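Q: Dropping in final_36.tsv, with TSV, C-alpha atoms and all ligand atoms.
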chain	number	residue	atom	x	y	z
Y	1	MET	CA	-23.89	-45.35	4.47
Y	2	VAL	CA	-21.81	-43.67	1.83
Y	3	GLN	CA	-18.53	-45.33	1.02
Y	4	SER	CA	-15.26	-43.53	1.40
Y	5	PHE	CA	-13.67	-42.89	-1.94
Y	6	SER	CA	-11.94	-40.11	-3.81
Y	7	PRO	CA	-12.89	-38.67	-7.15
Y	8	HIS	CA	-10.47	-39.02	-10.08
Y	9	VAL	CA	-9.34	-35.47	-10.74
Y	10	PHE	CA	-8.16	-34.52	-14.25
Y	11	ALA	CA	-6.30	-31.39	-15.34
Y	12	ASP	CA	-9.05	-30.29	-17.68
Y	13	TYR	CA	-12.29	-31.22	-19.38
Y	14	ASP	CA	-10.61	-32.83	-22.38
Y	15	GLN	CA	-8.50	-35.15	-20.25
Y	16	LEU	CA	-11.53	-36.07	-18.15
Y	17	SER	CA	-13.52	-36.83	-21.31
Y	18	ALA	CA	-10.72	-38.89	-22.88
Y	19	ALA	CA	-10.28	-40.96	-19.70
Y	20	ALA	CA	-14.04	-41.52	-19.37
Y	21	ALA	CA	-14.22	-42.63	-23.01
Y	22	ARG	CA	-11.40	-45.14	-22.45
Y	23	VAL	CA	-13.24	-46.62	-19.47
Y	24	VAL	CA	-16.48	-46.92	-21.44
Y	25	MET	CA	-14.71	-48.44	-24.41
Y	26	GLU	CA	-12.86	-51.04	-22.33
Y	27	LYS	CA	-16.11	-52.11	-20.67
Y	28	MET	CA	-17.87	-52.18	-24.02
Y	29	VAL	CA	-15.20	-54.38	-25.62
Y	30	MET	CA	-15.27	-56.71	-22.64
Y	31	GLY	CA	-19.08	-56.85	-22.55
Y	32	ILE	CA	-19.43	-57.52	-26.26
Y	33	GLU	CA	-16.63	-60.08	-26.33
Y	34	THR	CA	-17.60	-61.96	-23.18
Y	35	LYS	CA	-21.40	-61.56	-22.95
Y	36	GLY	CA	-22.08	-60.77	-26.59
Y	37	LYS	CA	-23.88	-57.58	-25.59
Y	38	PHE	CA	-23.38	-54.20	-23.92
Y	39	VAL	CA	-25.92	-51.72	-22.57
Y	40	LEU	CA	-24.59	-48.18	-22.27
Y	41	GLY	CA	-26.60	-45.79	-20.11
Y	42	CYS	CA	-26.30	-42.35	-21.67
Y	43	ALA	CA	-26.63	-38.86	-20.26
Y	44	THR	CA	-27.09	-35.57	-22.08
Y	45	GLY	CA	-26.11	-31.99	-21.21
Y	46	SER	CA	-22.77	-30.33	-21.98
Y	47	THR	CA	-20.71	-32.59	-19.72
Y	48	PRO	CA	-20.80	-35.91	-21.66
Y	49	GLU	CA	-20.23	-34.29	-25.08
Y	50	GLY	CA	-16.44	-34.74	-24.86
Y	51	LEU	CA	-16.79	-38.36	-23.77
Y	52	TYR	CA	-18.93	-39.13	-26.85
Y	53	LYS	CA	-16.44	-37.36	-29.13
Y	54	HIS	CA	-13.51	-39.39	-27.76
Y	55	LEU	CA	-15.53	-42.61	-27.71
Y	56	ILE	CA	-16.35	-42.26	-31.42
Y	57	SER	CA	-12.62	-41.71	-32.23
Y	58	LEU	CA	-11.65	-44.76	-30.18
Y	59	LEU	CA	-14.33	-46.95	-31.73
Y	60	ALA	CA	-13.37	-45.78	-35.23
Y	61	LYS	CA	-10.01	-47.51	-34.69
Y	62	GLN	CA	-11.57	-50.77	-33.46
Y	63	ASP	CA	-13.13	-53.51	-35.49
Y	64	LEU	CA	-15.87	-54.20	-32.98
Y	65	ASP	CA	-19.25	-55.76	-33.72
Y	66	LEU	CA	-21.57	-53.02	-32.49
Y	67	SER	CA	-24.74	-54.81	-33.55
Y	68	ARG	CA	-25.12	-55.86	-29.90
Y	69	LEU	CA	-24.53	-52.43	-28.40
Y	70	TYR	CA	-27.65	-50.84	-26.91
Y	71	THR	CA	-27.92	-47.32	-25.55
Y	72	VAL	CA	-30.54	-46.22	-23.08
Y	73	ASN	CA	-30.92	-42.60	-21.97
Y	74	LEU	CA	-31.64	-41.19	-18.56
Y	75	ASP	CA	-34.29	-38.70	-19.51
Y	76	GLU	CA	-36.14	-36.51	-22.00
Y	77	TYR	CA	-38.10	-33.29	-21.84
Y	78	PHE	CA	-41.88	-33.65	-21.93
Y	79	PRO	CA	-43.57	-32.87	-24.14
Y	80	ILE	CA	-41.05	-32.40	-26.93
Y	81	LYS	CA	-40.80	-33.52	-30.56
Y	82	ARG	CA	-37.94	-35.84	-31.39
Y	83	SER	CA	-37.08	-33.54	-34.27
Y	84	ASP	CA	-36.73	-30.55	-31.92
Y	85	PRO	CA	-33.00	-29.67	-31.86
Y	86	GLN	CA	-33.25	-29.34	-28.06
Y	87	SER	CA	-34.72	-32.81	-27.51
Y	88	TYR	CA	-32.39	-35.31	-25.91
Y	89	TYR	CA	-33.29	-37.67	-28.76
Y	90	HIS	CA	-31.81	-35.14	-31.17
Y	91	PHE	CA	-28.80	-34.61	-28.91
Y	92	MET	CA	-28.03	-38.33	-29.01
Y	93	LEU	CA	-28.58	-38.50	-32.74
Y	94	THR	CA	-26.02	-35.79	-33.43
Y	95	HIS	CA	-23.50	-36.41	-30.63
Y	96	LEU	CA	-23.34	-40.20	-30.64
Y	97	TRP	CA	-25.60	-42.30	-32.83
Y	98	GLN	CA	-25.05	-40.84	-36.29
Y	99	PRO	CA	-21.28	-40.28	-35.92
Y	100	LEU	CA	-20.92	-43.79	-34.49
Y	101	ALA	CA	-22.92	-45.37	-37.31
Y	102	ALA	CA	-20.69	-43.44	-39.75
Y	103	VAL	CA	-17.51	-45.09	-38.42
Y	104	ASN	CA	-19.02	-48.50	-37.71
Y	105	SER	CA	-21.79	-49.75	-39.97
Y	106	SER	CA	-22.74	-52.58	-37.59
Y	107	PHE	CA	-24.39	-50.00	-35.30
Y	108	ASP	CA	-28.03	-49.50	-36.26
Y	109	TYR	CA	-29.30	-46.67	-34.11
Y	110	GLN	CA	-32.88	-47.10	-35.29
Y	111	SER	CA	-33.20	-50.38	-33.43
Y	112	GLN	CA	-30.44	-50.22	-30.77
Y	113	THR	CA	-31.13	-46.96	-28.96
Y	114	PHE	CA	-33.75	-45.90	-26.44
Y	115	VAL	CA	-34.75	-42.49	-25.08
Y	116	PRO	CA	-37.99	-41.87	-23.18
Y	117	ASN	CA	-40.50	-40.72	-25.79
Y	118	GLY	CA	-41.23	-37.01	-25.36
Y	119	GLU	CA	-44.03	-37.38	-27.92
Y	120	ALA	CA	-45.90	-40.07	-25.96
Y	121	THR	CA	-49.63	-39.50	-25.67
Y	122	ASP	CA	-49.73	-41.36	-22.38
Y	123	ALA	CA	-46.64	-40.50	-20.33
Y	124	ASP	CA	-47.32	-43.06	-17.56
Y	125	THR	CA	-47.59	-45.93	-20.02
Y	126	GLU	CA	-44.39	-44.74	-21.71
Y	127	CYS	CA	-42.55	-44.67	-18.35
Y	128	ARG	CA	-43.69	-48.18	-17.41
Y	129	ALA	CA	-42.70	-49.49	-20.85
Y	130	TYR	CA	-39.28	-47.83	-20.48
Y	131	GLU	CA	-38.63	-49.70	-17.24
Y	132	GLU	CA	-39.65	-52.96	-18.94
Y	133	LYS	CA	-37.30	-52.22	-21.85
Y	134	ILE	CA	-34.35	-51.77	-19.49
Y	135	LYS	CA	-35.21	-55.02	-17.71
Y	136	ALA	CA	-35.61	-56.90	-20.98
Y	137	MET	CA	-32.13	-55.72	-22.03
Y	138	GLY	CA	-30.72	-57.26	-18.84
Y	139	GLY	CA	-30.08	-53.88	-17.16
Y	140	VAL	CA	-27.55	-51.15	-17.79
Y	141	ASP	CA	-23.87	-52.19	-17.79
Y	142	ILE	CA	-22.44	-48.73	-17.22
Y	143	GLN	CA	-24.49	-45.60	-16.66
Y	144	ILE	CA	-22.97	-42.20	-17.43
Y	145	VAL	CA	-24.38	-39.54	-15.13
Y	146	GLY	CA	-23.96	-35.75	-15.08
Y	147	ILE	CA	-24.94	-33.57	-12.13
Y	148	GLY	CA	-27.21	-30.52	-12.15
Y	149	VAL	CA	-26.07	-27.49	-10.14
Y	150	ASN	CA	-28.83	-28.33	-7.62
Y	151	GLY	CA	-27.61	-31.93	-7.37
Y	152	HIS	CA	-30.17	-33.45	-9.73
Y	153	ILE	CA	-29.37	-36.62	-11.65
Y	154	GLY	CA	-31.26	-37.32	-14.85
Y	155	PHE	CA	-34.21	-35.07	-14.07
Y	156	ASN	CA	-34.61	-36.29	-10.50
Y	157	GLU	CA	-34.89	-33.01	-8.66
Y	158	PRO	CA	-34.20	-32.56	-4.92
Y	159	GLY	CA	-36.88	-34.36	-2.92
Y	160	SER	CA	-37.02	-37.33	-5.34
Y	161	PRO	CA	-37.27	-40.59	-3.40
Y	162	ALA	CA	-34.30	-42.96	-3.52
Y	163	ASP	CA	-36.56	-45.76	-4.76
Y	164	SER	CA	-38.20	-43.69	-7.51
Y	165	ARG	CA	-38.70	-45.29	-10.92
Y	166	THR	CA	-39.09	-43.86	-14.43
Y	167	ARG	CA	-41.83	-41.24	-14.24
Y	168	THR	CA	-43.03	-37.78	-15.22
Y	169	VAL	CA	-41.50	-34.96	-13.16
Y	170	THR	CA	-41.85	-31.19	-12.95
Y	171	LEU	CA	-38.59	-29.30	-13.33
Y	172	GLU	CA	-37.35	-26.90	-10.67
Y	173	SER	CA	-37.15	-23.29	-11.78
Y	174	SER	CA	-33.35	-23.39	-11.30
Y	175	THR	CA	-33.18	-26.30	-13.76
Y	176	VAL	CA	-35.43	-24.53	-16.28
Y	177	GLU	CA	-33.19	-21.49	-15.97
Y	178	ALA	CA	-29.93	-23.46	-16.24
Y	179	ASN	CA	-31.19	-25.29	-19.34
Y	180	SER	CA	-32.63	-22.15	-20.97
Y	181	ARG	CA	-29.13	-21.51	-22.38
Y	182	PHE	CA	-29.92	-24.16	-25.00
Y	183	PHE	CA	-33.34	-22.75	-25.91
Y	184	GLY	CA	-34.30	-19.44	-27.53
Y	185	SER	CA	-35.85	-18.20	-24.28
Y	186	ILE	CA	-36.81	-19.49	-20.85
Y	187	ASP	CA	-40.46	-19.78	-21.96
Y	188	GLN	CA	-39.49	-22.36	-24.56
Y	189	VAL	CA	-38.02	-24.78	-22.00
Y	190	PRO	CA	-40.51	-27.63	-21.32
Y	191	LYS	CA	-41.49	-27.59	-17.66
Y	192	GLN	CA	-41.81	-31.34	-17.36
Y	193	ALA	CA	-39.66	-34.34	-18.20
Y	194	LEU	CA	-39.66	-38.13	-18.25
Y	195	THR	CA	-36.77	-39.47	-16.23
Y	196	MET	CA	-35.39	-42.75	-14.98
Y	197	GLY	CA	-35.89	-42.72	-11.22
Y	198	ILE	CA	-33.08	-42.75	-8.70
Y	199	GLY	CA	-33.92	-46.41	-8.00
Y	200	THR	CA	-33.70	-47.16	-11.72
Y	201	ILE	CA	-30.31	-45.43	-12.02
Y	202	LEU	CA	-28.91	-47.24	-8.97
Y	203	GLU	CA	-29.68	-50.61	-10.59
Y	204	ALA	CA	-26.97	-50.01	-13.20
Y	205	LYS	CA	-24.09	-52.45	-12.68
Y	206	GLU	CA	-21.63	-49.58	-12.75
Y	207	ILE	CA	-21.97	-45.78	-12.65
Y	208	LEU	CA	-19.59	-43.19	-14.06
Y	209	VAL	CA	-20.31	-39.68	-12.81
Y	210	LEU	CA	-18.84	-36.73	-14.70
Y	211	ALA	CA	-18.56	-33.16	-13.46
Y	212	SER	CA	-16.64	-30.32	-15.04
Y	213	GLY	CA	-16.19	-26.62	-14.42
Y	214	LYS	CA	-16.49	-24.15	-11.55
Y	215	ALA	CA	-20.30	-24.21	-11.54
Y	216	LYS	CA	-20.23	-27.80	-10.24
Y	217	ALA	CA	-17.73	-27.16	-7.42
Y	218	PRO	CA	-20.32	-26.14	-4.77
Y	219	ILE	CA	-22.55	-29.18	-5.27
Y	220	LEU	CA	-19.54	-31.52	-5.25
Y	221	LYS	CA	-18.30	-29.87	-2.07
Y	222	ALA	CA	-21.70	-30.54	-0.49
Y	223	LEU	CA	-21.45	-34.20	-1.57
Y	224	TRP	CA	-18.01	-34.91	-0.19
Y	225	VAL	CA	-18.95	-33.89	3.36
Y	226	LEU	CA	-22.10	-36.04	3.55
Y	227	GLU	CA	-22.14	-39.01	5.86
Y	228	GLU	CA	-25.48	-40.32	4.64
Y	229	PRO	CA	-27.33	-39.86	1.35
Y	230	THR	CA	-30.09	-37.26	1.53
Y	231	VAL	CA	-33.20	-36.58	-0.56
Y	232	ALA	CA	-32.09	-32.93	-0.62
Y	233	ILE	CA	-29.25	-33.90	-2.98
Y	234	PRO	CA	-30.30	-36.61	-5.48
Y	235	ALA	CA	-26.67	-37.19	-6.54
Y	236	SER	CA	-25.86	-38.25	-2.97
Y	237	TRP	CA	-27.55	-41.63	-3.56
Y	238	LEU	CA	-24.83	-42.39	-6.10
Y	239	LEU	CA	-22.33	-42.50	-3.24
Y	240	SER	CA	-24.07	-45.62	-1.92
Y	241	HIS	CA	-23.56	-47.55	-5.18
Y	242	PRO	CA	-20.93	-50.31	-4.91
Y	243	GLN	CA	-19.40	-49.56	-8.31
Y	244	VAL	CA	-19.39	-45.80	-8.74
Y	245	SER	CA	-16.56	-43.57	-9.98
Y	246	PHE	CA	-16.50	-39.79	-10.09
Y	247	PHE	CA	-14.42	-38.20	-12.86
Y	248	ILE	CA	-14.07	-34.47	-12.28
Y	249	ASP	CA	-11.77	-31.75	-13.56
Y	250	ARG	CA	-9.68	-29.32	-11.52
Y	251	GLU	CA	-12.18	-26.52	-11.92
Y	252	ALA	CA	-14.90	-28.65	-10.36
Y	253	GLN	CA	-12.61	-29.64	-7.49
Y	254	THR	CA	-12.99	-27.73	-4.29
Y	255	GLU	CA	-9.98	-26.45	-2.43
S	1	LIG	C1	-29.78	-31.67	-17.45
S	1	LIG	C2	-29.91	-33.17	-17.60
S	1	LIG	C3	-28.98	-33.90	-16.66
S	1	LIG	C4	-27.61	-33.29	-16.73
S	1	LIG	C5	-27.67	-31.88	-16.22
S	1	LIG	C6	-26.33	-31.19	-16.20
S	1	LIG	O1	-30.76	-31.09	-16.65
S	1	LIG	N1	-31.22	-33.65	-17.42
S	1	LIG	O2	-28.96	-35.28	-17.00
S	1	LIG	O3	-26.70	-34.04	-15.95
S	1	LIG	O4	-28.55	-31.15	-17.06
S	1	LIG	O5	-26.04	-30.67	-17.45
S	1	LIG	P1	-24.66	-30.12	-17.90
S	1	LIG	O6	-23.82	-31.30	-18.17
S	1	LIG	O7	-24.93	-29.33	-19.15
S	1	LIG	O8	-24.13	-29.28	-16.79
Could I get this structure in the form of structure tokens?
A:
Amino acid sequence: MVQSFSPHVFADYDQLSAAAARVVMEKMVMGIETKGKFVLGCATGSTPEGLYKHLISLLAKQDLDLSRLYTVNLDEYFPIKRSDPQSYYHFMLTHLWQPLAAVNSSFDYQSQTFVPNGEATDADTECRAYEEKIKAMGGVDIQIVGIGVNGHIGFNEPGSPADSRTRTVTLESSTVEANSRFFGSIDQVPKQALTMGIGTILEAKEILVLASGKAKAPILKALWVLEEPTVAIPASWLLSHPQVSFFIDREAQTE
């Protein structure tokens, strides 16, 4: 069953991002101070950019020991070089890791961050090792999740099983097209990806879903009327998580 809950609706993208950053920072401070460690599940795409920007500003004002902060990403294109400006590795480097290391020298992104390796020679071995890494870290404390216009989460496209684990997937043509805005042309978009499975994502202790802008309104509308999760909409499984929050802006809200 899905639980009944309402999304937190913010006036605009900046307010949504600032609020999401405050939530992540509070959890991070609590995790580091009480457990001595915090595992942040990261997402890429346009939606979490504002959260990372605000998070860096907040953390710049804190004297927090970030040597026990770990970040673990949902997904990566496959194959792709880490140095490719469109790789999710590169996205994280420029939007979070480097700016964070610049304001807090205790954060060593070389050893504290994990993204599925788009350069792996054996994708299956890489996916199994990624699952092991997450387990060894004690699981994800809070997972940030964006939503694709077709309802995908990470790169779990419609039809992905609820108990799926980290694996290689083929992207839907709508996803390739949506993401071609970041690449020179549609032909340059990798057609495969390595992604945490829906089952992997649901094991996070807490999930923070972000959605902004008109383009996300139809998929959110489809979510709110569901009574049961469905494989047709991967994001619908998030509704069954006991600790999930949706932060959306007015444009993404349906009338
Ligand atoms: C990509 C990513 C997803 C992301 C989605 C939405 O396909 N794999 O993790 O949530 O796009 O992206 P955006 O935030 O740019 O709308």
Q: Can you work out which one of Y:Gly118, Y:Gly148, Y:Pro190, Y:Gly159 has the shortest atom-to-atom distance to Y:Ala215, counting all atoms listed in the file?
A: Y:Gly148
Q: Out of Y:Val189, Y:Leu40, Y:Ile142, Y:Val29, which residue has the shortest atom-to-atom distance to ligand LIG 1 (chain S) when counting all atoms listed in the file?
A: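 Of Y:Val189, Y:Leu40, Y:Ile142, Y:Val29, the one nearest ligand LIG 1 (chain S), counting all atoms listed in the file, is Y:Val189.
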Q: I'd like a table as JSON lines: residues in chain Y with an atom no more than 10 Å from ligand LIG 1 (chain S), each row giving the shortest atom pair and its distance in Å to one decimal, all atoms listed in the file counted, sorted by chain and rising residue number.
A:
{"residue": "Y:Cys42", "atom": "CA", "partner": "S:LIG1", "partner_atom": "O2", "distance": 8.9}
{"residue": "Y:Ala43", "atom": "CA", "partner": "S:LIG1", "partner_atom": "O2", "distance": 5.4}
{"residue": "Y:Thr44", "atom": "CA", "partner": "S:LIG1", "partner_atom": "O2", "distance": 5.4}
{"residue": "Y:Gly45", "atom": "CA", "partner": "S:LIG1", "partner_atom": "O7", "distance": 3.6}
{"residue": "Y:Ser46", "atom": "CA", "partner": "S:LIG1", "partner_atom": "O7", "distance": 3.7}
{"residue": "Y:Thr47", "atom": "CA", "partner": "S:LIG1", "partner_atom": "O6", "distance": 3.7}
{"residue": "Y:Pro48", "atom": "CA", "partner": "S:LIG1", "partner_atom": "O6", "distance": 6.5}
{"residue": "Y:Glu49", "atom": "CA", "partner": "S:LIG1", "partner_atom": "O6", "distance": 8.3}
{"residue": "Y:Asn73", "atom": "CA", "partner": "S:LIG1", "partner_atom": "O2", "distance": 9.1}
{"residue": "Y:Leu74", "atom": "CA", "partner": "S:LIG1", "partner_atom": "O2", "distance": 6.7}
{"residue": "Y:Asp75", "atom": "CA", "partner": "S:LIG1", "partner_atom": "N1", "distance": 6.3}
{"residue": "Y:Glu76", "atom": "CA", "partner": "S:LIG1", "partner_atom": "N1", "distance": 7.3}
{"residue": "Y:Tyr77", "atom": "CA", "partner": "S:LIG1", "partner_atom": "N1", "distance": 8.2}
{"residue": "Y:Tyr88", "atom": "CA", "partner": "S:LIG1", "partner_atom": "N1", "distance": 8.7}
{"residue": "Y:Ile144", "atom": "CA", "partner": "S:LIG1", "partner_atom": "O3", "distance": 9.1}
{"residue": "Y:Val145", "atom": "CA", "partner": "S:LIG1", "partner_atom": "O3", "distance": 6.0}
{"residue": "Y:Gly146", "atom": "CA", "partner": "S:LIG1", "partner_atom": "O3", "distance": 3.3}
{"residue": "Y:Ile147", "atom": "CA", "partner": "S:LIG1", "partner_atom": "O3", "distance": 4.2}
{"residue": "Y:Gly148", "atom": "CA", "partner": "S:LIG1", "partner_atom": "C6", "distance": 4.2}
{"residue": "Y:Val149", "atom": "CA", "partner": "S:LIG1", "partner_atom": "C6", "distance": 7.1}
{"residue": "Y:Asn150", "atom": "CA", "partner": "S:LIG1", "partner_atom": "C5", "distance": 9.4}
{"residue": "Y:Gly151", "atom": "CA", "partner": "S:LIG1", "partner_atom": "C5", "distance": 8.9}
{"residue": "Y:His152", "atom": "CA", "partner": "S:LIG1", "partner_atom": "C3", "distance": 7.0}
{"residue": "Y:Ile153", "atom": "CA", "partner": "S:LIG1", "partner_atom": "O2", "distance": 5.5}
{"residue": "Y:Gly154", "atom": "CA", "partner": "S:LIG1", "partner_atom": "O2", "distance": 3.8}
{"residue": "Y:Phe155", "atom": "CA", "partner": "S:LIG1", "partner_atom": "N1", "distance": 4.7}
{"residue": "Y:Asn156", "atom": "CA", "partner": "S:LIG1", "partner_atom": "N1", "distance": 8.1}
{"residue": "Y:Glu157", "atom": "CA", "partner": "S:LIG1", "partner_atom": "O1", "distance": 9.2}
{"residue": "Y:Leu171", "atom": "CA", "partner": "S:LIG1", "partner_atom": "O1", "distance": 8.7}
{"residue": "Y:Glu172", "atom": "CA", "partner": "S:LIG1", "partner_atom": "O1", "distance": 9.8}
{"residue": "Y:Ser174", "atom": "CA", "partner": "S:LIG1", "partner_atom": "O1", "distance": 9.7}
{"residue": "Y:Thr175", "atom": "CA", "partner": "S:LIG1", "partner_atom": "O1", "distance": 6.1}
{"residue": "Y:Val176", "atom": "CA", "partner": "S:LIG1", "partner_atom": "O1", "distance": 8.1}
{"residue": "Y:Glu177", "atom": "CA", "partner": "S:LIG1", "partner_atom": "O1", "distance": 9.9}
{"residue": "Y:Ala178", "atom": "CA", "partner": "S:LIG1", "partner_atom": "O1", "distance": 7.7}
{"residue": "Y:Asn179", "atom": "CA", "partner": "S:LIG1", "partner_atom": "O1", "distance": 6.4}
{"residue": "Y:Arg181", "atom": "CA", "partner": "S:LIG1", "partner_atom": "O7", "distance": 9.4}
{"residue": "Y:Phe182", "atom": "CA", "partner": "S:LIG1", "partner_atom": "O7", "distance": 9.3}
{"residue": "Y:Ala193", "atom": "CA", "partner": "S:LIG1", "partner_atom": "N1", "distance": 8.5}
{"residue": "Y:Leu194", "atom": "CA", "partner": "S:LIG1", "partner_atom": "N1", "distance": 9.6}
{"residue": "Y:Thr195", "atom": "CA", "partner": "S:LIG1", "partner_atom": "N1", "distance": 8.1}
{"residue": "Y:Val209", "atom": "CA", "partner": "S:LIG1", "partner_atom": "O3", "distance": 9.1}
{"residue": "Y:Leu210", "atom": "CA", "partner": "S:LIG1", "partner_atom": "O6", "distance": 8.1}
{"residue": "Y:Ala211", "atom": "CA", "partner": "S:LIG1", "partner_atom": "O6", "distance": 7.3}
{"residue": "Y:Ser212", "atom": "CA", "partner": "S:LIG1", "partner_atom": "O8", "distance": 7.8}
{"residue": "Y:Gly213", "atom": "CA", "partner": "S:LIG1", "partner_atom": "O8", "distance": 8.7}
{"residue": "Y:Ala215", "atom": "CA", "partner": "S:LIG1", "partner_atom": "O8", "distance": 8.2}
{"residue": "Y:Lys216", "atom": "CA", "partner": "S:LIG1", "partner_atom": "O8", "distance": 7.8}
{"residue": "Y:Ala235", "atom": "CA", "partner": "S:LIG1", "partner_atom": "O3", "distance": 9.9}
Q: For Y:Ala162, which residue out of Y:Val231, Y:Ala123, Y:Val103, Y:Leu64 is the nearest one, using only C-alpha atoms?
A: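 That would be Y:Val231, the residue with the smallest distance to Y:Ala162.
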Q: Do you have the atom CA of Y:Arg68-atom CA of Y:Tyr52 distance handy?
A: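 Value for the atom CA of Y:Arg68-atom CA of Y:Tyr52 distance: 18.1 Å.
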Q: Excluding Y:Lys61 and any residue of its chain fewer than 6 positions from it, enumerate the residues within 12 Å of it, using all atoms listed in the file, and give them as a PyMOL selection string.
A: chain Y and resi 25+54-55+100+103-104
Q: Rank nothing, just name the residue among Y:Leu93, Y:Cys127, Y:Leu58, Y:Val140 nearest to Y:Gly31, using all atoms listed in the file.
A: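 Comparing Y:Leu93, Y:Cys127, Y:Leu58, Y:Val140 against Y:Gly31, the winner is Y:Val140.
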Q: Choose the residue, out of Y:Gln188, Y:Ser160, Y:Gln15, Y:Gln86, that has the smallest atom-to-atom separation from Y:Thr230; count all atoms listed in the file.
A: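 Closest to Y:Thr230, using all atoms listed in the file: Y:Ser160.
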Q: Ranking Y:Gln243, Y:Thr121, Y:Ser173, Y:Gln253 by minimum distance to Y:Phe78 and counting only C-alpha atoms, which one comes first?
A: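 Closest candidate: Y:Thr121.
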Q: One decimal, in Å: what's the spacing between atom CA of Y:Ile201 and atom CA of Y:Ser87?
A: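 So the two atoms, atom CA of Y:Ile201 and atom CA of Y:Ser87, lie 20.5 Å apart.
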Q: Do you know which residues are at most 12 Å from Y:Ser106 counting all atoms listed in the file, after dropping those on the same chain fewer than 4 positions away, and could you put them as a PDB file with C-alpha atoms, in the coordinates of the input?
A:
ATOM      1  CA  LEU Y  59     -14.330 -46.950 -31.730  1.00  0.00           C
ATOM      2  CA  ALA Y  60     -13.370 -45.780 -35.230  1.00  0.00           C
ATOM      3  CA  ASP Y  63     -13.130 -53.510 -35.490  1.00  0.00           C
ATOM      4  CA  LEU Y  64     -15.870 -54.200 -32.980  1.00  0.00           C
ATOM      5  CA  ASP Y  65     -19.250 -55.760 -33.720  1.00  0.00           C
ATOM      6  CA  LEU Y  66     -21.570 -53.020 -32.490  1.00  0.00           C
ATOM      7  CA  SER Y  67     -24.740 -54.810 -33.550  1.00  0.00           C
ATOM      8  CA  ARG Y  68     -25.120 -55.860 -29.900  1.00  0.00           C
ATOM      9  CA  LEU Y  69     -24.530 -52.430 -28.400  1.00  0.00           C
ATOM     10  CA  TYR Y  70     -27.650 -50.840 -26.910  1.00  0.00           C
ATOM     11  CA  TRP Y  97     -25.600 -42.300 -32.830  1.00  0.00           C
ATOM     12  CA  LEU Y 100     -20.920 -43.790 -34.490  1.00  0.00           C
ATOM     13  CA  ALA Y 101     -22.920 -45.370 -37.310  1.00  0.00           C
ATOM     14  CA  ALA Y 102     -20.690 -43.440 -39.750  1.00  0.00           C
ATOM     15  CA  GLN Y 110     -32.880 -47.100 -35.290  1.00  0.00           C
ATOM     16  CA  SER Y 111     -33.200 -50.380 -33.430  1.00  0.00           C
ATOM     17  CA  GLN Y 112     -30.440 -50.220 -30.770  1.00  0.00           C
TER      18      GLN Y 112
END
Q: What gap, in Å, lies between atom CA of Y:Ser236 and atom CA of Y:Pro161?
A: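 If I compute the distance from atom CA of Y:Ser236 to atom CA of Y:Pro161, I get 11.7 Å.
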Q: Counting all atoms listed in the file, which residues sit no farther than 6 Å from the position (-42.4, -33.8, -29.4) in the file's frame? I'd like them as a CSV table (one decimal) with C-alpha atoms, keeping the file's coordinate frame.
A:
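Generated output (result-v4.csv):
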chain,number,residue,atom,x,y,z
Y,79,PRO,CA,-43.6,-32.9,-24.1
Y,80,ILE,CA,-41.0,-32.4,-26.9
Y,81,LYS,CA,-40.8,-33.5,-30.6
Y,82,ARG,CA,-37.9,-35.8,-31.4
Y,118,GLY,CA,-41.2,-37.0,-25.4
Y,119,GLU,CA,-44.0,-37.4,-27.9
Q: Which neighbours of Y:Arg128 fall inside 9 Å, counting only C-alpha atoms, when residues of the same chain fewer than 5 positions from it are skipped, and could you give them as a PyMOL selection string?
A: chain Y and resi 123+133+165-167
